[in-house]
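See below for upload.cif, which holds mmCIF, C-alpha atoms.
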```cif
data_entry
#
loop_
_atom_site.label_atom_id
_atom_site.label_comp_id
_atom_site.auth_asym_id
_atom_site.auth_seq_id
_atom_site.Cartn_x
_atom_site.Cartn_y
_atom_site.Cartn_z
CA LEU A 1 71.44 107.05 97.63
CA GLU A 2 68.56 104.72 96.74
CA LEU A 3 68.97 101.91 94.19
CA SER A 4 66.28 99.63 92.79
CA VAL A 5 67.97 96.39 91.81
CA PRO A 6 66.52 93.61 89.58
CA PRO A 7 66.16 90.09 90.98
CA GLY A 8 69.39 88.15 91.42
CA LEU A 9 71.57 91.25 91.66
CA ARG A 10 73.14 93.05 94.59
CA ALA A 11 74.15 96.66 95.22
CA VAL A 12 77.41 97.68 96.85
CA ALA A 13 78.17 101.33 97.64
CA GLY A 14 80.10 103.62 99.89
CA GLY A 15 78.23 104.95 102.88
CA ARG A 16 76.21 103.22 105.53
CA ARG A 17 73.49 100.83 104.39
CA LEU A 18 70.15 101.95 105.80
CA SER A 19 67.90 99.26 104.45
CA GLU A 20 67.50 96.46 101.94
CA ASP A 21 63.81 95.83 101.24
CA ALA A 22 61.78 93.91 98.71
CA ALA A 23 60.65 95.95 95.72
CA GLU A 24 58.03 95.53 93.04
CA GLY A 25 58.80 92.93 90.40
CA GLY A 26 60.78 90.69 92.74
CA GLY A 27 63.79 92.99 93.01
CA THR A 28 65.20 94.81 96.02
CA SER A 29 65.50 98.42 97.07
CA HIS A 30 68.79 99.44 98.66
CA LYS A 31 69.22 102.67 100.60
CA PHE A 32 72.61 104.08 101.57
CA VAL A 33 73.43 107.26 103.45
CA SER A 34 76.73 108.98 102.82
CA ASP A 35 78.70 110.83 105.44
CA PRO A 36 77.98 114.59 105.73
CA GLY A 37 79.90 116.67 103.22
CA CYS A 38 80.61 113.71 100.94
CA PRO A 39 81.06 115.04 97.37
CA THR A 40 79.14 113.26 94.64
CA SER A 41 82.44 112.66 92.84
CA SER A 42 83.48 110.35 95.68
CA MET A 43 80.24 108.37 95.87
CA PHE A 44 80.66 105.10 93.97
CA PHE A 45 78.40 102.08 93.66
CA ALA A 46 78.23 98.80 91.75
CA VAL A 47 75.34 96.49 90.93
CA GLY A 48 75.81 92.88 89.85
CA PRO A 49 75.52 89.19 90.78
CA PHE A 50 77.82 89.66 93.77
CA GLU A 51 78.06 87.47 96.81
CA GLU A 52 79.53 88.59 100.09
CA VAL A 53 82.68 86.58 100.82
CA GLU A 54 82.05 86.47 104.56
CA SER A 55 85.13 84.37 105.27
CA ALA A 56 87.32 87.17 103.88
CA GLY A 57 85.72 90.02 105.82
CA PHE A 58 87.37 91.36 108.95
CA GLU A 59 87.22 93.98 111.68
CA MET A 60 90.14 96.33 112.26
CA GLN A 61 90.35 97.79 115.74
CA GLN A 62 91.21 101.47 115.93
CA ALA A 63 93.95 102.73 118.23
CA ASP A 64 91.70 105.64 119.21
CA PRO A 65 89.11 104.23 121.67
CA LYS A 66 86.68 106.96 120.64
CA ARG A 67 86.51 105.55 117.13
CA PRO A 68 84.61 102.32 116.41
CA SER A 69 86.32 99.41 114.73
CA VAL A 70 86.34 99.40 110.94
CA GLY A 71 84.23 96.70 109.34
CA VAL A 72 85.61 95.50 106.01
CA ARG A 73 83.27 93.54 103.73
CA LEU A 74 84.23 91.97 100.41
CA PHE A 75 81.95 91.17 97.49
CA ALA A 76 82.65 89.19 94.33
CA ASP A 77 81.46 86.43 92.07
CA GLY A 78 81.33 83.19 94.06
CA SER A 79 84.04 81.59 91.91
CA ARG A 80 86.58 84.19 93.08
CA ALA A 81 86.36 83.38 96.80
CA ALA A 82 89.89 81.94 97.12
CA GLY A 83 91.55 84.89 95.40
CA VAL A 84 89.45 87.37 97.36
CA GLY A 85 90.52 85.76 100.63
CA ALA A 86 94.21 86.14 99.79
CA MET A 87 93.68 89.77 98.73
CA ALA A 88 91.77 90.47 101.96
CA THR A 89 94.69 89.22 104.04
CA PHE A 90 97.02 91.55 102.18
CA LEU A 91 94.66 94.55 102.45
CA LYS A 92 94.33 94.04 106.20
CA GLY A 93 98.12 94.14 106.61
CA ALA A 94 98.33 97.17 104.29
CA MET A 95 95.68 99.06 106.30
CA GLU A 96 97.58 98.40 109.50
CA ASP A 97 100.86 99.53 107.91
CA ILE A 98 99.39 102.82 106.68
CA VAL A 99 97.69 103.50 110.02
CA ASP A 100 100.99 102.88 111.81
CA TYR A 101 102.91 105.16 109.43
CA LEU A 102 100.42 108.01 109.72
CA GLU A 103 99.69 107.36 113.41
CA CYS A 104 96.10 108.10 112.47
CA PRO A 105 93.00 105.91 112.31
CA PHE A 106 91.29 104.75 109.16
CA PRO A 107 89.17 107.76 108.17
CA PHE A 108 85.83 105.97 107.75
CA PRO A 109 83.89 103.50 109.92
CA HIS A 110 83.44 100.99 107.13
CA LEU A 111 85.04 99.78 103.90
CA SER A 112 83.37 97.76 101.16
CA VAL A 113 85.58 96.10 98.55
CA CYS A 114 83.81 94.91 95.40
CA PHE A 115 85.43 92.95 92.56
CA LEU A 116 83.89 93.71 89.15
CA PRO A 117 84.26 91.96 85.79
CA ALA A 118 87.13 93.64 83.95
CA GLU A 119 84.87 94.82 81.13
CA ALA A 120 82.56 96.57 83.63
CA ALA A 121 85.26 98.31 85.66
CA LEU A 122 86.02 102.01 85.15
CA ASP A 123 89.67 101.25 85.87
CA VAL A 124 91.68 98.46 87.43
CA ALA A 125 91.10 100.06 90.84
CA VAL A 126 88.83 102.97 91.83
CA ALA A 127 88.39 104.49 95.29
CA GLY A 128 85.35 106.26 96.70
CA VAL A 129 84.26 107.15 100.22
CA GLY A 130 84.48 103.88 102.12
CA VAL A 131 84.45 101.74 98.98
CA LEU A 132 86.97 100.18 96.59
CA LEU A 133 85.87 98.95 93.16
CA LEU A 134 88.52 96.55 91.88
CA SER A 135 88.76 94.52 88.69
CA GLU A 136 88.34 90.75 89.00
CA ASP A 137 91.62 90.44 87.13
CA LEU A 138 93.39 91.36 90.38
CA VAL A 139 92.27 88.10 92.00
CA ALA A 140 92.49 85.82 88.97
CA GLY A 141 93.88 82.43 89.93
CA GLU A 142 96.29 82.16 87.00
CA ARG A 143 98.50 85.05 88.11
CA GLY A 144 102.11 84.19 88.89
CA THR A 145 104.29 85.79 91.56
CA LEU A 146 104.98 88.93 89.56
CA GLY A 147 101.34 89.17 88.60
CA GLN A 148 100.29 88.97 92.25
CA ILE A 149 102.70 91.73 93.20
CA GLU A 150 101.32 93.92 90.41
CA ALA A 151 97.73 93.18 91.46
CA ARG A 152 98.34 93.97 95.11
CA THR A 153 100.22 97.13 94.21
CA CYS A 154 97.12 98.34 92.32
CA ALA A 155 94.86 97.42 95.24
CA VAL A 156 96.98 99.14 97.89
CA ARG A 157 97.17 102.28 95.75
CA ALA A 158 93.35 102.45 95.79
CA LEU A 159 93.38 101.79 99.54
CA ALA A 160 95.86 104.66 100.10
CA GLU A 161 93.47 106.97 98.25
CA GLN A 162 91.05 106.61 101.18
CA TRP A 163 93.44 109.01 102.96
CA PHE A 164 94.78 111.02 100.02
CA GLY A 165 92.12 111.48 97.38
CA VAL A 166 89.00 110.99 99.50
CA LEU A 167 89.75 112.32 102.99
CA VAL A 168 92.36 114.81 101.76
CA ARG A 169 91.80 116.20 98.28
CA SER A 170 92.82 119.21 96.24
CA PRO A 171 90.23 121.94 95.57
CA LEU A 172 91.96 123.05 92.35
CA ALA A 173 92.05 120.80 89.31
CA GLU A 174 95.64 121.75 88.50
CA GLU A 175 96.74 120.57 91.96
CA ARG A 176 95.05 117.17 92.06
CA TRP A 177 98.37 115.56 91.29
CA LEU A 178 99.47 116.27 94.88
CA ALA A 179 96.92 114.04 96.64
CA SER A 180 97.49 111.39 93.98
CA GLY A 181 101.25 111.52 94.50
CA LEU A 182 100.89 111.28 98.29
CA ALA A 183 98.70 108.20 97.84
CA GLY A 184 101.39 106.72 95.61
CA SER A 185 103.98 107.44 98.30
CA LEU A 186 101.96 105.52 100.92
CA ALA A 187 101.46 102.63 98.51
CA GLY A 188 105.19 102.52 97.77
CA LYS A 189 106.00 102.12 101.46
CA VAL A 190 103.59 99.20 101.79
CA VAL A 191 105.06 97.54 98.69
CA ALA A 192 108.60 97.88 100.06
CA LYS A 193 107.56 96.37 103.40
CA HIS A 194 105.62 93.41 102.01
CA PHE A 195 107.67 92.60 98.93
CA GLY A 196 111.10 93.93 99.88
CA GLU A 197 113.12 97.10 99.36
CA ASN A 198 114.42 95.83 96.02
CA GLU A 199 110.89 95.46 94.64
CA GLY A 200 110.03 98.92 95.92
CA ALA A 201 113.10 100.44 94.25
CA TYR A 202 112.38 98.53 91.04
CA GLN A 203 108.84 99.91 90.87
CA TRP A 204 110.10 103.48 91.31
CA SER A 205 112.66 102.95 88.54
CA ARG A 206 109.97 101.56 86.21
CA LYS A 207 107.79 104.61 86.84
CA LEU A 208 110.72 106.87 86.05
CA ASP A 209 111.49 105.01 82.82
CA LEU A 210 107.88 105.20 81.65
CA VAL A 211 107.56 108.92 82.38
CA VAL A 212 110.87 109.90 80.79
CA ALA A 213 110.15 107.76 77.72
CA GLU A 214 106.93 109.66 77.04
CA GLN A 215 108.18 113.19 77.61
CA ASP A 216 108.59 115.28 74.51
CA ASP A 217 108.12 118.94 73.65
CA ALA A 218 104.38 118.41 73.19
CA SER A 219 103.87 116.85 76.62
CA PRO A 220 101.87 119.10 78.95
CA SER A 221 103.12 119.96 82.41
CA ILE A 222 101.39 118.19 85.26
CA ALA A 223 99.73 121.47 86.33
CA HIS A 224 98.45 122.18 82.81
CA THR A 225 97.12 118.66 82.48
CA GLY A 226 95.23 119.02 85.72
CA GLN A 227 93.44 122.19 84.62
CA ALA A 228 91.08 120.07 82.53
CA GLY A 229 90.64 117.50 85.28
CA PHE A 230 93.43 115.23 86.54
CA GLY A 231 93.03 111.81 84.99
CA LEU A 232 90.42 112.94 82.45
CA ALA A 233 92.05 115.78 80.53
CA GLN A 234 92.28 115.83 76.76
CA GLU A 235 96.00 116.34 77.18
CA LEU A 236 96.19 112.77 78.48
CA GLN A 237 95.88 111.66 74.88
CA ARG A 238 99.53 112.63 74.56
CA TYR A 239 100.33 109.88 77.07
CA THR A 240 99.77 106.18 76.50
CA SER A 241 97.60 106.03 79.63
CA SER A 242 96.52 108.05 82.64
CA HIS A 243 98.69 105.70 84.71
CA VAL A 244 101.80 107.42 83.34
CA LEU A 245 100.49 110.74 84.61
CA ARG A 246 99.92 109.16 88.03
CA HIS A 247 103.48 107.85 87.89
CA LYS A 248 104.73 111.40 87.35
CA ALA A 249 102.72 112.63 90.35
CA ASP A 250 104.20 109.82 92.46
CA LEU A 251 107.70 110.69 91.33
CA LEU A 252 107.33 114.38 92.20
CA VAL A 253 106.36 113.52 95.77
CA TRP A 254 109.15 110.91 95.86
CA MET A 255 111.67 113.58 94.79
CA VAL A 256 110.61 115.85 97.64
CA GLU A 257 110.91 113.02 100.16
CA ASN A 258 114.34 112.01 98.86
CA ARG A 259 115.60 115.57 99.19
CA THR A 260 114.20 116.13 102.66
CA GLY A 261 114.63 112.75 104.28
CA ALA A 262 112.12 110.12 105.37
CA GLU A 263 111.45 111.33 108.93
CA PRO A 264 110.82 115.03 108.16
CA PHE A 265 108.60 114.02 105.26
CA GLN A 266 106.63 111.68 107.50
CA LYS A 267 106.04 114.52 109.96
CA VAL A 268 104.46 116.64 107.24
CA VAL A 269 102.25 113.83 105.94
CA LYS A 270 101.12 112.90 109.47
CA ALA A 271 100.30 116.53 110.25
CA ILE A 272 98.19 116.82 107.10
CA VAL A 273 96.11 113.73 107.88
CA GLN A 274 95.76 114.51 111.58
CA GLY A 275 94.60 118.02 110.73
CA ALA A 276 92.15 116.64 108.16
CA LEU A 277 90.60 114.26 110.68
CA LYS A 278 90.05 117.10 113.16
CA GLU A 279 88.77 119.49 110.52
CA THR A 280 86.37 116.95 109.02
CA SER A 281 84.99 115.55 112.26
CA GLY A 282 81.49 114.47 111.25
CA THR A 283 82.06 115.33 107.60
CA VAL A 284 84.06 113.99 104.66
CA GLY A 285 86.94 115.68 102.91
CA CYS A 286 89.68 118.20 103.69
CA ARG A 287 91.22 120.48 101.10
CA LEU A 288 94.96 120.54 100.51
CA THR A 289 96.66 122.99 98.16
CA CYS A 290 100.24 122.96 96.94
CA GLU A 291 100.80 126.20 98.83
CA ASP A 292 99.64 124.57 102.06
CA PHE A 293 101.87 121.57 101.45
CA PHE A 294 104.93 123.66 100.64
CA ASP A 295 104.33 125.94 103.65
CA ARG A 296 104.20 122.92 105.95
CA ALA A 297 107.27 121.50 104.28
CA ALA A 298 109.30 124.68 104.67
CA LYS A 299 108.53 124.77 108.41
CA VAL A 300 109.47 121.15 109.12
CA PHE A 301 112.25 120.32 106.69
CA ASP A 302 115.70 121.38 107.84
CA SER A 303 117.93 119.94 105.11
CA GLY A 304 118.28 123.01 102.92
CA VAL A 305 114.67 122.84 101.79
CA ASP A 306 113.38 126.37 102.19
CA LYS A 307 110.75 128.36 100.31
CA ASN A 308 113.21 129.23 97.54
CA TRP A 309 113.97 125.55 96.94
CA LEU A 310 110.29 124.66 96.93
CA GLN A 311 109.49 127.52 94.57
CA SER A 312 112.21 126.38 92.20
CA PHE A 313 110.89 122.83 92.40
CA ASN A 314 107.44 124.12 91.51
CA GLU A 315 108.78 126.07 88.52
CA ARG A 316 110.80 123.19 87.14
CA TRP A 317 108.62 120.15 87.73
CA ILE A 318 105.03 121.33 88.21
CA VAL A 319 104.59 124.50 86.16
CA GLY A 320 107.33 123.37 83.79
CA ARG A 321 107.46 119.97 82.12
CA GLY A 322 110.70 118.90 83.78
CA CYS A 323 112.38 115.67 82.74
CA PRO A 324 115.36 117.05 80.79
CA HIS A 325 117.42 114.46 78.93
CA VAL A 326 121.01 114.51 80.13
CA VAL A 327 123.81 112.56 78.41
CA VAL A 328 126.97 111.95 80.44
CA ALA A 329 130.38 111.02 79.02
CA PHE A 330 133.62 110.60 80.94
CA CYS A 331 137.20 109.49 80.51
CA PHE A 332 140.11 108.79 82.86
CA ASN A 333 143.47 110.51 82.26
CA ARG A 334 146.15 108.23 83.70
CA LYS A 335 148.95 110.79 83.44
CA GLN A 336 147.04 113.50 85.26
CA HIS A 337 145.21 110.99 87.42
CA ALA A 338 141.92 112.80 86.77
CA ILE A 339 138.48 112.04 85.45
CA SER A 340 136.97 114.38 82.85
CA VAL A 341 133.18 114.52 82.70
CA ALA A 342 131.03 116.06 79.98
CA LEU A 343 127.29 116.68 80.36
CA LYS A 344 124.88 117.50 77.56
CA GLN A 345 121.24 118.39 78.12
CA SER A 346 118.79 117.82 75.30
CA GLY A 347 115.18 116.92 74.78
CA LEU A 348 112.58 119.41 75.94
CA LYS A 349 112.89 123.01 74.79
CA SER A 350 110.50 123.90 77.59
CA ALA A 351 113.02 122.52 80.09
CA ASN A 352 115.25 125.51 79.32
CA VAL A 353 112.44 127.95 80.16
CA SER A 354 111.41 126.27 83.40
CA GLY A 355 115.03 125.61 84.29
CA THR A 356 115.93 129.28 83.95
CA ALA A 357 113.02 130.20 86.21
CA ALA A 358 114.18 127.59 88.72
CA VAL A 359 117.69 129.06 88.74
CA LYS A 360 116.29 132.51 89.57
CA CYS A 361 114.46 131.01 92.54
CA CYS A 362 117.42 128.99 93.74
CA GLY A 363 119.95 131.78 93.52
CA LYS A 364 123.39 130.40 94.27
CA GLU A 365 122.16 127.16 95.80
CA SER A 366 123.47 124.02 94.11
CA SER A 367 120.22 122.13 94.25
CA GLY A 368 120.43 120.33 90.92
CA LEU A 369 117.19 122.00 89.89
CA GLY A 370 118.86 124.64 87.77
CA MET A 371 120.41 124.40 84.34
CA ILE A 372 123.50 122.38 83.47
CA THR A 373 126.03 124.77 81.99
CA LEU A 374 128.98 123.52 79.98
CA VAL A 375 132.08 125.70 80.17
#
```
Show the structure stored in the file as structure tokens.
Amino acid sequence: LELSVPPGLRAVAGGRRLSEDAAEGGGTSHKFVSDPGCPTSSMFFAVGPFEEVESAGFEMQQADPKRPSVGVRLFADGSRAAGVGAMATFLKGAMEDIVDYLECPFPFPHLSVCFLPAEAALDVAVAGVGVLLLSEDLVAGERGTLGQIEARTCAVRALAEQWFGVLVRSPLAEERWLASGLAGSLAGKVVAKHFGENEGAYQWSRKLDLVVAEQDDASPSIAHTGQAGFGLAQELQRYTSSHVLRHKADLLVWMVENRTGAEPFQKVVKAIVQGALKETSGTVGCRLTCEDFFDRAAKVFDSGVDKNWLQSFNERWIVGRGCPHVVVAFCFNRKQHAISVALKQSGLKSANVSGTAAVKCCGKESSGLGMITLV
């Protein structure tokens, strides 16, 4: 990648910087080389009046002696130095937490973090190979405590995508939700560690509320949405924002982890990343399909999660729209000393179709993925 930049501006990109030379007209010419196999969709760059905040940069030593330390450089408008420093401290801790959880090194030898004016940013946070493009709003000085938690949650989600989304990605558009959901799972663990389990649980509940509130009979399934490109599909117009679709992807992965248990789930995630690092030695990117993920899951999980359960999960929540609306009513009979419970499912008509398919997969198993039948 070669960029000719006007005077007074600076280029920041993923990949290793080869040179920065004077160009005609007083500008500069920047040359970057990406890692072998890096897809163009993961190559991001930004040009602007950035300054390197050298006081915020840091080196992270890798546990594997064969891998060099990771140099992290941060760029922003000079007036944002204080906020960038605080964010850098958090990102360093988050990187260490994710590396410890995965027991794998950071996948790239460098990371550039650039803070853009909000009006110039593609999104609040975008991840490419070895680069994060974040909105300046995330380091604005006027943010309160809740605002700082929200900002750092967005930043750590983009950081987690260095593993799931850049290193590990889905070859099929309809399966891109999986890498996104795994990145959300990593981010959720960092949030719970740094801000407390209650904050982590609250964020999951907020995601659930937002997704359920937007589900109706016109809402596409997460697989159908992905067929046109996860995050860019026309079907996203049925949602208030692409963030809600990401929330749904996060929740699907969260549901699998809750059913299987934290330790078995961690084994699967670690195996995926470790395999990706071996497979992509000297290159960038490893492909992960839902079939691969479910096959790994069925081999490791031992809590009633077999191929039938995973197939039913796929029918109900991925191929189908999921999210049925269930109303519960109950009363206590003092004479009989018994509680009577009534359940009514309403909402999506499509939930009946996917639910019936899920029941056929589950057989007699009481997994909660089938239909609720009132007798």
Q: Take atom CA of Phe294 of chain A and atom CA of Val273 of chain A and report the distance between them in Å, one decimal.
A: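 Interatomic distance here is 15.1 Å.
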Q. So which residues touch Ala155 of chain A within 8 Å, counting only C-alpha atoms, skipping near sequence neighbours fewer than 6 positions away, as a PyMOL selection string?
A. chain A and resi 91+125+134+138
Q: Pull out every residue that the PyMOL selection byres ((chain A and resi 110) around 10) matches in the shown coordinates and put them as a ChimeraX atom specification.
A: /A:14-16,59-60,68-73,106-109,111-112,129-131
(Q) So that I can see what lies close to Gly85 of chain A, please list as a PyMOL selection string the residues with an atom at most 8 Å from it, counting all atoms listed in the file and leaving out residues fewer than 3 positions away in the same chain. (A) chain A and resi 53+55-56+81-82+88-89
Q | Gap from atom CA of Glu52 of chain A to atom CA of Lys31 of chain A - Å, one decimal | A |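 Straight-line distance from atom CA of Glu52 of chain A to atom CA of Lys31 of chain A works out to 17.5 Å.
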Q.
Calculated over all atoms listed in the file, which of the candidates A:Val191, A:Ala63, A:Ala201, A:Ala118 has the smallest distance to Glu103 of chain A?
A. A:Ala63
Q: Give as a ChimeraX atom specification the residues that the PyMOL selection byres ((chain A and resi 116) around 9) matches when applied to the coordinates above.
A: /A:46,48,50,75-77,114-115,117-121,133-137
Q | Which of A:Phe44, A:Ser205, A:Ala298, A:Val253 sits closest to Leu122 of chain A [using all atoms listed in the file] | A |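 Of all the options, A:Phe44 lies closest to Leu122 of chain A.
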Q: I need the residue set behind the PyMOL selection byres ((chain A and resi 28) around 12) for this file; please write it as a list of chain:residue names.
A: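 Evaluating the PyMOL selection byres ((chain A and resi 28) around 12) on this file yields A:Glu2, A:Leu3, A:Ser4, A:Val5, A:Pro6, A:Pro7, A:Gly8, A:Leu9, A:Arg10, A:Ala11, A:Ser19, A:Glu20, A:Asp21, A:Ala22, A:Ala23, A:Glu24, A:Gly25, A:Gly26, A:Gly27, A:Ser29, A:His30, A:Lys31, A:Val47.
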Q | Distance in Å - atom CA of Leu310 of chain A versus atom CA of Val211 of chain A | A |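 If I compute the distance from atom CA of Leu310 of chain A to atom CA of Val211 of chain A, I get 21.6 Å.
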Q) For Leu132 of chain A, which residue out of A:Glu161, A:Asp64, A:Asp100, A:Asp209 is the nearest one, using all atoms listed in the file? A)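 Going through A:Glu161, A:Asp64, A:Asp100, A:Asp209 one by one, the smallest distance to Leu132 of chain A is for A:Glu161.
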Q. With distances taken over only C-alpha atoms, which of A:Trp309, A:Leu210, A:Gln148, A:Ile272 is nearest to Arg259 of chain A?
A.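 Using only C-alpha atoms, the shortest distance to Arg259 of chain A belongs to A:Trp309.
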Q: Name the residues within 9 Å of (100.6, 111.6, 108.1), counting all atoms listed in the file in the file's coordinates, and put them as an NGL selection string.
A: :A and (98-99 or 101-104 or 265-274)
Q) Which of these, A:Lys207, A:Arg169, A:Lys66, A:Lys335, has the shortest distance to Ala276 of chain A once you count all atoms listed in the file? A)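 Result for the nearest residue to Ala276 of chain A: A:Arg169.
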Q: Pick out the closest residue to Gly128 of chain A from this set: A:Phe58, A:Phe332, A:Phe32, A:Trp163. Count only C-alpha atoms.
A: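 That would be A:Trp163, the residue with the smallest distance to Gly128 of chain A.
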